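**Q** One file: target.cif (mmCIF, C-alpha atoms).
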```cif
data_entry
loop_
_atom_site.label_atom_id
_atom_site.label_comp_id
_atom_site.auth_asym_id
_atom_site.auth_seq_id
_atom_site.Cartn_x
_atom_site.Cartn_y
_atom_site.Cartn_z
CA MET A 1 1.17 10.85 23.82
CA PRO A 2 1.11 14.60 23.03
CA SER A 3 -2.49 15.80 22.64
CA GLU A 4 -1.67 17.53 19.32
CA PHE A 5 -1.76 14.09 17.65
CA ASP A 6 -5.19 13.04 18.98
CA GLU A 7 -7.08 13.68 15.73
CA ILE A 8 -4.72 11.68 13.52
CA ARG A 9 -2.99 9.03 15.62
CA PRO A 10 -3.91 5.32 15.92
CA TYR A 11 -5.64 4.14 19.05
CA GLU A 12 -3.32 3.51 21.96
CA ASP A 13 -3.15 0.69 24.48
CA GLY A 14 -6.20 0.99 26.70
CA GLU A 15 -8.38 2.53 23.97
CA ILE A 16 -8.92 -0.64 21.95
CA LYS A 17 -11.81 -2.05 23.97
CA GLU A 18 -13.81 1.17 23.74
CA ALA A 19 -13.13 1.36 19.99
CA PHE A 20 -14.25 -2.26 19.58
CA GLU A 21 -17.53 -1.56 21.37
CA GLY A 22 -17.99 1.43 19.08
CA LEU A 23 -17.61 -0.88 16.09
CA LEU A 24 -20.26 -3.26 17.40
CA ALA A 25 -22.65 -0.35 17.98
CA ASP A 26 -22.17 1.07 14.48
CA ARG A 27 -25.19 0.36 12.28
CA GLN A 28 -23.21 0.24 9.02
CA PHE A 29 -20.65 -2.18 10.49
CA SER A 30 -23.49 -4.34 11.82
CA LYS A 31 -24.99 -4.58 8.32
CA ILE A 32 -21.65 -5.73 6.93
CA MET A 33 -21.29 -8.40 9.62
CA GLN A 34 -24.87 -9.51 8.96
CA GLY A 35 -23.91 -10.05 5.33
CA PHE A 36 -21.38 -12.69 6.39
CA VAL A 37 -23.79 -14.59 8.66
CA PRO A 38 -27.33 -13.49 7.72
CA TRP A 39 -28.85 -16.37 9.68
CA MET A 40 -27.29 -15.27 13.00
CA PRO A 41 -29.13 -12.79 15.28
CA LYS A 42 -27.21 -9.60 16.09
CA ILE A 43 -27.07 -10.32 19.81
CA VAL A 44 -25.49 -13.72 19.19
CA ARG A 45 -23.10 -12.34 16.57
CA ASN A 46 -21.89 -9.55 18.86
CA GLY A 47 -21.57 -11.99 21.74
CA LEU A 48 -19.30 -14.24 19.72
CA LEU A 49 -17.21 -11.27 18.56
CA ARG A 50 -16.80 -10.12 22.18
CA LEU A 51 -15.73 -13.62 23.14
CA ALA A 52 -13.15 -13.68 20.34
CA PHE A 53 -11.95 -10.24 21.46
CA ALA A 54 -11.35 -11.32 25.06
CA GLY A 55 -7.84 -10.46 26.23
CA VAL A 56 -7.14 -7.99 23.40
CA GLU A 57 -5.89 -4.75 24.96
CA THR A 58 -3.35 -3.37 22.45
CA PRO A 59 -3.27 -2.68 18.70
CA ILE A 60 -0.62 -5.36 18.10
CA GLN A 61 -2.77 -7.93 19.94
CA PHE A 62 -5.71 -6.92 17.76
CA GLN A 63 -3.60 -7.41 14.63
CA LEU A 64 -2.29 -10.79 15.72
CA ARG A 65 -5.72 -12.04 16.83
CA PHE A 66 -7.83 -10.79 13.93
CA MET A 67 -5.79 -9.38 11.05
CA LYS A 68 -2.95 -11.90 10.74
CA PRO A 69 -5.28 -14.89 10.13
CA VAL A 70 -7.19 -12.89 7.49
CA VAL A 71 -4.01 -11.90 5.64
CA LYS A 72 -2.64 -15.46 5.84
CA TYR A 73 -5.91 -16.69 4.33
CA LEU A 74 -5.62 -14.18 1.47
CA ILE A 75 -2.03 -15.28 0.82
CA ARG A 76 -3.19 -18.91 0.58
CA LYS A 77 -6.28 -18.28 -1.53
CA LYS A 78 -5.50 -15.19 -3.62
CA THR A 79 -1.77 -15.52 -4.41
CA ASP A 80 0.60 -18.15 -5.75
CA GLY A 81 3.05 -17.43 -2.93
CA PHE A 82 4.41 -14.49 -0.96
CA THR A 83 8.11 -13.89 -0.26
CA PHE A 84 9.84 -11.33 1.97
CA ASP A 85 13.57 -10.61 1.62
CA GLU A 86 15.18 -8.65 4.46
CA SER A 87 18.76 -9.69 3.68
CA GLU A 88 19.97 -6.09 3.28
CA LEU A 89 18.68 -5.00 6.70
CA PRO A 90 20.88 -5.06 9.84
CA ARG A 91 20.65 -8.24 11.88
CA ASP A 92 19.49 -6.28 14.95
CA LYS A 93 15.75 -6.95 15.06
CA SER A 94 15.21 -4.33 17.76
CA LEU A 95 15.75 -1.50 15.23
CA ARG A 96 12.75 0.43 13.94
CA TYR A 97 12.29 1.50 10.33
CA THR A 98 10.28 3.80 8.10
CA PHE A 99 9.47 1.70 5.04
CA VAL A 100 8.94 3.84 1.94
CA SER A 101 7.64 1.73 -0.92
CA ASN A 102 6.02 1.71 -4.30
CA HIS A 103 2.25 1.37 -3.94
CA ARG A 104 0.28 -1.50 -5.45
CA ASP A 105 -2.74 -2.12 -3.21
CA ILE A 106 -4.65 0.30 -0.97
CA VAL A 107 -5.07 -2.19 1.88
CA LEU A 108 -2.68 -5.09 1.39
CA ASP A 109 0.66 -3.30 0.85
CA SER A 110 1.01 -2.65 4.58
CA ALA A 111 -0.99 -5.68 5.74
CA LEU A 112 1.36 -8.10 3.97
CA LEU A 113 4.33 -6.24 5.43
CA ASP A 114 2.85 -6.65 8.93
CA VAL A 115 2.67 -10.42 8.54
CA ALA A 116 6.14 -10.58 6.99
CA LEU A 117 7.73 -8.66 9.86
CA VAL A 118 6.04 -10.76 12.55
CA GLU A 119 7.01 -14.02 10.87
CA ALA A 120 10.60 -12.79 10.39
CA GLY A 121 10.90 -12.29 14.15
CA TYR A 122 10.43 -8.53 14.48
CA PRO A 123 8.68 -7.47 17.70
CA THR A 124 6.11 -5.18 16.10
CA THR A 125 4.35 -4.35 12.85
CA VAL A 126 3.99 -0.98 11.07
CA GLU A 127 1.89 2.10 11.59
CA ILE A 128 0.53 3.32 8.28
CA GLY A 129 -0.69 6.58 6.78
CA ILE A 130 -4.14 6.36 5.21
CA GLY A 131 -5.92 9.19 3.39
CA ASN A 132 -9.12 10.48 4.93
CA ASN A 133 -10.69 10.23 1.45
CA LEU A 134 -10.86 6.47 2.04
CA LEU A 135 -12.58 6.79 5.42
CA ILE A 136 -16.00 6.83 3.86
CA TYR A 137 -17.89 5.63 6.94
CA PRO A 138 -17.18 6.24 10.66
CA TRP A 139 -16.65 2.54 11.28
CA ILE A 140 -13.83 2.46 8.68
CA GLU A 141 -11.92 5.20 10.51
CA ARG A 142 -12.44 3.43 13.84
CA PHE A 143 -11.32 0.11 12.36
CA VAL A 144 -8.14 1.41 10.68
CA ARG A 145 -7.12 3.33 13.81
CA MET A 146 -7.46 0.07 15.75
CA ASN A 147 -5.18 -1.41 13.09
CA LYS A 148 -2.34 1.10 13.72
CA ALA A 149 -3.27 3.64 11.03
CA PHE A 150 -2.77 7.38 11.32
CA ILE A 151 -4.87 9.76 9.25
CA VAL A 152 -3.51 11.74 6.29
CA ARG A 153 -5.70 14.73 5.49
CA ARG A 154 -6.41 15.19 1.78
CA GLY A 155 -7.97 18.00 -0.27
CA LEU A 156 -6.82 20.88 1.94
CA HIS A 157 -5.98 24.45 1.01
CA PRO A 158 -2.23 25.16 0.74
CA LYS A 159 -1.87 26.69 4.23
CA GLU A 160 -3.91 23.90 5.81
CA MET A 161 -1.90 21.33 3.86
CA LEU A 162 1.36 22.76 5.21
CA ARG A 163 0.12 22.58 8.81
CA SER A 164 -1.22 19.06 8.23
CA SER A 165 2.09 17.90 6.73
CA GLN A 166 4.05 19.40 9.62
CA LEU A 167 1.80 17.65 12.14
CA MET A 168 2.05 14.31 10.34
CA SER A 169 5.84 14.59 10.13
CA ARG A 170 6.11 15.34 13.85
CA TYR A 171 3.90 12.35 14.54
CA ILE A 172 6.02 10.01 12.39
CA HIS A 173 9.20 11.12 14.16
CA HIS A 174 7.43 10.62 17.51
CA ALA A 175 6.22 7.15 16.48
CA VAL A 176 9.67 5.95 15.40
CA GLY A 177 11.76 7.74 18.02
CA ASP A 178 9.56 7.69 21.13
CA LYS A 179 6.95 4.96 20.62
CA LYS A 180 9.50 2.65 18.96
CA GLU A 181 7.12 1.79 16.11
CA ASN A 182 7.82 1.04 12.47
CA ILE A 183 6.14 3.18 9.80
CA TRP A 184 4.98 2.32 6.29
CA ILE A 185 4.30 5.11 3.82
CA ALA A 186 3.91 5.13 0.04
CA GLN A 187 6.59 6.86 -2.04
CA ARG A 188 3.95 9.15 -3.55
CA GLU A 189 0.39 10.26 -2.94
CA GLY A 190 -1.84 7.56 -4.37
CA ARG A 191 -0.87 4.60 -6.51
CA ALA A 192 1.11 4.95 -9.73
CA LYS A 193 -1.67 3.81 -12.04
CA ASP A 194 0.80 2.91 -14.81
CA SER A 195 3.27 1.24 -12.38
CA ASP A 196 5.95 3.81 -13.26
CA ASP A 197 7.03 4.04 -9.63
CA ARG A 198 8.76 7.30 -8.67
CA THR A 199 9.50 8.71 -5.22
CA GLN A 200 8.09 12.20 -4.85
CA ASP A 201 10.64 14.48 -3.25
CA SER A 202 7.67 16.17 -1.56
CA VAL A 203 7.21 13.00 0.51
CA LEU A 204 10.81 13.21 1.70
CA LYS A 205 10.42 16.93 2.43
CA MET A 206 7.35 16.14 4.51
CA LEU A 207 9.26 13.48 6.46
CA ALA A 208 12.04 16.00 7.11
CA MET A 209 9.70 18.65 8.56
CA GLY A 210 9.67 16.93 11.95
CA GLY A 211 13.41 16.27 12.18
CA ASN A 212 16.39 14.77 10.37
CA LEU A 213 15.72 11.99 7.87
CA ARG A 214 18.39 9.89 9.56
CA GLU A 215 16.18 9.65 12.66
CA LEU A 216 13.57 7.72 10.68
CA ASN A 217 15.91 4.94 9.45
CA ILE A 218 14.24 4.91 6.02
CA VAL A 219 14.20 1.67 4.03
CA PRO A 220 13.26 1.68 0.31
CA LEU A 221 10.87 -1.26 -0.05
CA THR A 222 10.07 -2.87 -3.41
CA ILE A 223 6.64 -4.48 -3.85
CA SER A 224 6.20 -6.77 -6.88
CA TYR A 225 2.85 -8.25 -7.94
CA GLU A 226 2.70 -10.74 -10.77
CA TYR A 227 -0.89 -9.70 -11.49
CA ASP A 228 -2.72 -6.60 -10.30
CA PRO A 229 -6.42 -7.40 -9.82
CA CYS A 230 -7.23 -3.69 -10.19
CA ASP A 231 -5.41 -3.34 -13.52
CA TYR A 232 -8.60 -3.00 -15.56
CA LEU A 233 -10.02 -0.44 -13.09
CA LYS A 234 -6.87 1.65 -13.49
CA ALA A 235 -7.11 1.35 -17.28
CA VAL A 236 -10.74 2.47 -17.16
CA GLU A 237 -9.70 5.47 -15.06
CA PHE A 238 -7.10 6.37 -17.69
CA GLN A 239 -9.80 6.34 -20.41
CA GLN A 240 -12.20 8.35 -18.27
CA LYS A 241 -9.54 11.02 -17.70
CA ARG A 242 -8.63 10.96 -21.39
CA ASP A 243 -12.26 11.46 -22.42
CA ASN A 244 -13.05 13.92 -19.63
CA PRO A 245 -10.05 15.77 -18.13
CA ALA A 246 -12.26 16.91 -15.23
CA TYR A 247 -13.10 13.33 -14.21
CA LYS A 248 -12.79 12.52 -10.51
CA LYS A 249 -13.15 9.12 -8.87
CA SER A 250 -16.20 8.60 -6.68
CA ARG A 251 -16.31 7.10 -3.20
CA GLN A 252 -17.76 3.98 -4.72
CA ASP A 253 -14.74 3.76 -7.05
CA ASP A 254 -12.45 3.79 -3.99
CA LEU A 255 -14.52 1.06 -2.32
CA ASP A 256 -14.43 -1.05 -5.51
CA ASN A 257 -10.64 -0.70 -5.70
CA MET A 258 -10.26 -1.77 -2.06
CA ARG A 259 -12.60 -4.75 -2.42
CA ILE A 260 -11.18 -6.03 -5.70
CA GLY A 261 -7.59 -5.40 -4.56
CA ILE A 262 -8.16 -7.53 -1.48
CA MET A 263 -10.19 -10.35 -3.03
CA GLY A 264 -8.66 -10.49 -6.54
CA TYR A 265 -6.02 -12.92 -7.80
CA LYS A 266 -2.47 -11.59 -7.57
CA GLY A 267 -0.23 -14.45 -8.71
CA ARG A 268 3.17 -14.32 -7.05
CA VAL A 269 3.94 -11.45 -4.67
CA ALA A 270 7.41 -10.44 -3.49
CA TYR A 271 8.69 -7.82 -1.02
CA TYR A 272 12.35 -6.78 -1.00
CA CYS A 273 13.89 -4.47 1.61
CA GLY A 274 16.62 -2.34 0.04
CA GLN A 275 19.65 -0.86 1.72
CA PRO A 276 18.63 1.67 4.43
CA ILE A 277 19.32 5.20 3.24
CA ASN A 278 21.37 6.01 6.37
CA GLU A 279 24.15 3.94 4.81
CA TRP A 280 24.53 6.34 1.87
CA ILE A 281 22.62 9.56 2.58
CA GLY A 282 25.87 11.25 3.64
CA ASP A 283 26.88 11.32 -0.04
CA TYR A 284 24.32 14.08 -0.60
CA GLU A 285 24.16 16.03 2.68
CA GLY A 286 26.33 18.88 1.35
CA LEU A 287 23.92 19.69 -1.50
CA PRO A 288 21.47 22.63 -1.53
CA ARG A 289 18.12 21.66 -0.04
CA ASN A 290 16.12 20.98 -3.22
CA GLU A 291 19.02 19.19 -4.89
CA PHE A 292 19.46 17.05 -1.77
CA PHE A 293 15.86 15.79 -1.76
CA ASP A 294 15.90 15.25 -5.52
CA ALA A 295 19.11 13.22 -5.32
CA VAL A 296 17.87 11.10 -2.41
CA ALA A 297 14.56 10.42 -4.20
CA LYS A 298 16.35 9.34 -7.37
CA ARG A 299 18.73 7.07 -5.40
CA MET A 300 15.74 5.47 -3.67
CA ASP A 301 14.10 4.92 -7.05
CA ARG A 302 17.18 3.12 -8.35
CA ILE A 303 17.10 0.85 -5.30
CA ILE A 304 13.38 0.14 -5.63
CA HIS A 305 13.59 -0.44 -9.39
CA SER A 306 16.64 -2.71 -9.23
CA ASN A 307 14.91 -4.93 -6.66
CA TYR A 308 11.75 -5.68 -8.66
CA ARG A 309 10.83 -9.36 -8.92
CA LEU A 310 10.06 -9.73 -12.63
CA TYR A 311 7.67 -12.28 -14.10
CA PRO A 312 7.00 -13.57 -17.64
CA CYS A 313 4.08 -11.14 -17.98
CA ASN A 314 6.44 -8.16 -17.62
CA TYR A 315 8.59 -9.34 -20.52
CA ILE A 316 5.61 -10.29 -22.65
CA ALA A 317 3.97 -6.90 -22.09
CA LEU A 318 7.08 -5.01 -23.18
CA ASP A 319 7.49 -7.14 -26.29
CA CYS A 320 3.81 -6.65 -27.18
CA LEU A 321 4.11 -2.89 -26.85
CA ASN A 322 7.31 -2.82 -28.90
CA GLY A 323 6.09 -5.32 -31.49
CA SER A 324 9.25 -7.33 -30.91
CA SER A 325 10.49 -10.58 -29.44
CA ASP A 326 13.56 -9.10 -27.75
CA ASN A 327 12.70 -10.71 -24.40
CA ILE A 328 11.47 -14.06 -25.68
CA SER A 329 14.08 -15.93 -23.63
CA HIS A 330 12.18 -14.94 -20.47
CA TYR A 331 8.88 -16.59 -21.37
CA THR A 332 7.38 -19.52 -23.25
CA ALA A 333 4.66 -19.65 -25.88
CA ALA A 334 2.34 -20.99 -23.19
CA ASP A 335 3.19 -18.02 -20.95
CA LYS A 336 2.29 -15.62 -23.75
CA THR A 337 -0.99 -17.36 -24.56
CA SER A 338 -1.95 -17.36 -20.89
CA PHE A 339 -1.12 -13.68 -20.40
CA GLU A 340 -2.96 -12.59 -23.54
CA LYS A 341 -6.00 -14.53 -22.33
CA TYR A 342 -5.72 -12.84 -18.94
CA ILE A 343 -5.62 -9.36 -20.53
CA GLU A 344 -8.72 -10.12 -22.61
CA GLN A 345 -10.58 -11.38 -19.54
CA GLN A 346 -9.68 -8.26 -17.56
CA ILE A 347 -10.76 -5.97 -20.41
CA GLY A 348 -14.04 -7.89 -20.46
CA LYS A 349 -14.66 -6.84 -16.84
CA ALA A 350 -14.41 -3.14 -17.72
CA THR A 351 -17.77 -1.37 -17.80
CA ILE A 352 -17.48 2.08 -19.31
CA LYS A 353 -19.36 4.16 -21.84
CA ASP A 354 -17.73 4.18 -25.29
CA LYS A 355 -15.33 1.47 -24.22
CA ASP A 356 -12.04 1.77 -26.13
CA GLU A 357 -10.63 -1.75 -25.96
CA ALA A 358 -7.45 -0.92 -27.86
CA PHE A 359 -6.68 1.90 -25.44
CA LEU A 360 -7.49 -0.23 -22.39
CA ARG A 361 -5.22 -3.00 -23.68
CA LYS A 362 -2.36 -0.56 -24.29
CA MET A 363 -2.67 0.91 -20.79
CA MET A 364 -2.77 -2.52 -19.15
CA LEU A 365 0.28 -3.66 -21.11
CA THR A 366 2.04 -0.45 -20.03
CA MET A 367 1.34 -1.25 -16.37
CA TYR A 368 3.08 -4.60 -16.73
CA ALA A 369 5.92 -3.31 -18.94
CA ASN A 370 6.98 -0.33 -16.81
CA PRO A 371 8.55 -2.29 -13.95
CA LEU A 372 10.76 -4.05 -16.50
CA ARG A 373 11.64 -0.76 -18.20
CA ASN A 374 12.62 0.76 -14.87
CA TYR A 375 14.57 -2.34 -13.85
CA MET A 376 16.55 -2.24 -17.09
CA GLU A 377 17.35 1.44 -16.60
CA ALA A 378 18.34 0.96 -12.94
CA THR A 379 20.61 -2.02 -13.56
CA LYS A 380 22.26 -1.18 -16.86
#
```
Please express the file's structure as structure tokens.

**A**
Amino acid sequence: MPSEFDEIRPYEDGEIKEAFEGLLADRQFSKIMQGFVPWMPKIVRNGLLRLAFAGVETPIQFQLRFMKPVVKYLIRKKTDGFTFDESELPRDKSLRYTFVSNHRDIVLDSALLDVALVEAGYPTTVEIGIGNNLLIYPWIERFVRMNKAFIVRRGLHPKEMLRSSQLMSRYIHHAVGDKKENIWIAQREGRAKDSDDRTQDSVLKMLAMGGNLRELNIVPLTISYEYDPCDYLKAVEFQQKRDNPAYKKSRQDDLDNMRIGIMGYKGRVAYYCGQPINEWIGDYEGLPRNEFFDAVAKRMDRIIHSNYRLYPCNYIALDCLNGSSDNISHYTAADKTSFEKYIEQQIGKATIKDKDEAFLRKMMLTMYANPLRNYMEATK
């Protein structure tokens, strides 16, 4: 492993045990563990964790031993089913991919993909990029690096940002080409709060800094949630930015989004792997640089949008916004009553000064309508 990647890369084989001991020694992490079993003394709790950790020497072993059972539990308890469609990928399971997807959940987007790949017979999971703005405590950075995350530096000056992007791109090419790892990265910085998912050409330009895009074997991945447990938090953020253009989320806001995203109800969840871009990128390779990245981004968007799994709530939301019943064949009266009740309950969870319920409702309906709008545009 080149030393230039030491500050951003995940932990390697042989570093996991030391990182695990660092977790156990971290006071903040210890408080969190105590919250789960307040009746258990620390020495006993750490002893049991060490016993459970026995034999874990690599990041993939850590994921299979600890993370996979947690994600499977969340699928059982917090969703109404999870599906993964890889039918458009080559049959050769030894290939490695860079999955570029729309972004729904800070933690679970990649975690669900990990489980899906393992259960579909792939030999490894994904390394993921995570912003350092989310690494609020030292134990969080240690934990995510044990879980195959590399660090994306945020809030840098332009020159620093360029160097950081170049370093990250070189690392991604190294991970796919030399380490033989998969990568997951969001199509844009941060989540699309209104679910109008668009691939930023700047993401593709960053990926190309370290080499040719073909080397990364990019797959456009579509993530579809029936219900987004953070929808009301996103709507509140829209109102806060409307009322105060200088508004910035706090660290606590990020923690709340992570916690609610993980533990909230999601309904049905579907992942669909689109056609790898290597199969069509040659159509654009003669274009000028900026036109090339713009064309590839738009083609990826059409793939992602056309592969949405749509639910009654998407059709109901669009009809509510339009004041029409154009899509009534896709839902029942009971579906509509249930969704309207859900929206009211979510709005009720919003705590904000000068709460504008009409605005919050409109923004939440927009979040559920936009995937359908984009699907219609992509498939017409």

**Q** Considering all atoms listed in the file, can you say which of A:Lys42, A:Arg9, A:Arg268, A:Lys148 comes closest to Gln63 (chain A)?

**A** A:Lys148

**Q** Ranking A:Gln61, A:Asn257, A:Asn307, A:Thr98 by minimum distance to Glu12 (chain A) and counting only C-alpha atoms, which one comes first?

**A**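 Closest candidate: A:Gln61.
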
**Q** Find the residue from A:Lys179, A:Arg188, A:Arg65, A:Lys266 that sits nearest to Asp80 (chain A); use only C-alpha atoms when measuring.

**A** A:Lys266

**Q** Hey, what comes out of the PyMOL selection byres ((chain A and resi 255) around 12) on this file? Could you write it as a list in words?

**A**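 Selection result, ordered by chain and number: Ile106, Val107, Asn133, Leu134, Leu135, Ile136, Tyr137, Ile140, Cys230, Leu233, Lys249, Ser250, Arg251, Gln252, Asp253, Asp254, Asp256, Asn257, Met258, Arg259, Ile260, Gly261 and Ile262 of chain A.
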
**Q** Go through the shown structure with the PyMOL selection byres ((chain A and resi 326-331) around 9) and write out the matching residues as a ChimeraX atom specification.

**A** /A:311-313,315-316,318-319,322,324-325,332-336

**Q** Deliver the residues from the most recent selection as a file, using C-alpha atoms, as an mmCIF file, in the coordinates of the input.

**A**
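The result, written out as result_18.cif:
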```cif
data_model
loop_
_atom_site.group_PDB
_atom_site.id
_atom_site.type_symbol
_atom_site.label_atom_id
_atom_site.label_comp_id
_atom_site.auth_asym_id
_atom_site.auth_seq_id
_atom_site.Cartn_x
_atom_site.Cartn_y
_atom_site.Cartn_z
ATOM 1 C CA TYR A 311 7.670 -12.280 -14.100
ATOM 2 C CA PRO A 312 7.000 -13.570 -17.640
ATOM 3 C CA CYS A 313 4.080 -11.140 -17.980
ATOM 4 C CA TYR A 315 8.590 -9.340 -20.520
ATOM 5 C CA ILE A 316 5.610 -10.290 -22.650
ATOM 6 C CA LEU A 318 7.080 -5.010 -23.180
ATOM 7 C CA ASP A 319 7.490 -7.140 -26.290
ATOM 8 C CA ASN A 322 7.310 -2.820 -28.900
ATOM 9 C CA SER A 324 9.250 -7.330 -30.910
ATOM 10 C CA SER A 325 10.490 -10.580 -29.440
ATOM 11 C CA THR A 332 7.380 -19.520 -23.250
ATOM 12 C CA ALA A 333 4.660 -19.650 -25.880
ATOM 13 C CA ALA A 334 2.340 -20.990 -23.190
ATOM 14 C CA ASP A 335 3.190 -18.020 -20.950
ATOM 15 C CA LYS A 336 2.290 -15.620 -23.750
#
```

**Q** For each of A:Pro2, A:Asp197, A:Gln275, A:Glu119, take the minimum atom-to-atom distance to Ser87 (chain A), counting all atoms listed in the file, then give the residue where this is smallest.

**A**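 Smallest separation from Ser87 (chain A) among the options: A:Gln275.
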
**Q** Given the choices A:Asp114, A:Glu7, A:Asp105, A:Asp228, which gets closest to Lys68 (chain A) if the distance is worked out from only C-alpha atoms?

**A**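 So, comparing all the options, the nearest one is A:Asp114.
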
**Q** Starting from the shown file, work through the PyMOL selection byres ((chain A and resi 198) around 8) and note down what comes out as a count of residues only.

**A** 10

**Q** My list of candidates is A:Ser338, A:Ser101, A:Ser165, A:Thr124. Which is closest to Ile303 (chain A) when distances are computed with only C-alpha atoms?

**A**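 Using only C-alpha atoms, Ile303 (chain A) sits closest to A:Ser101.
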
**Q** Applying 7 Å and only C-alpha atoms, which residues near Met364 (chain A) remain after dropping the ones on its own chain fewer than 5 positions away? List them as JSON, numbers by chain.

**A** {"A": [231, 232, 235]}

**Q** Env of Leu89 (chain A): 12 Å cut, atoms = all atoms listed in the file, seq-sep filter 5 positions within chain, self excluded. Answer as number ranges by chain.

**A** A: 84, 94-97, 99, 117, 120, 122, 217-221, 272-279

**Q** Name all residues at most 8 Å from Arg154 (chain A) (count all atoms listed in the file; drop same-chain ones fewer than 6 positions away) and give them as an NGL selection string.

**A** :A and (131-133 or 161)
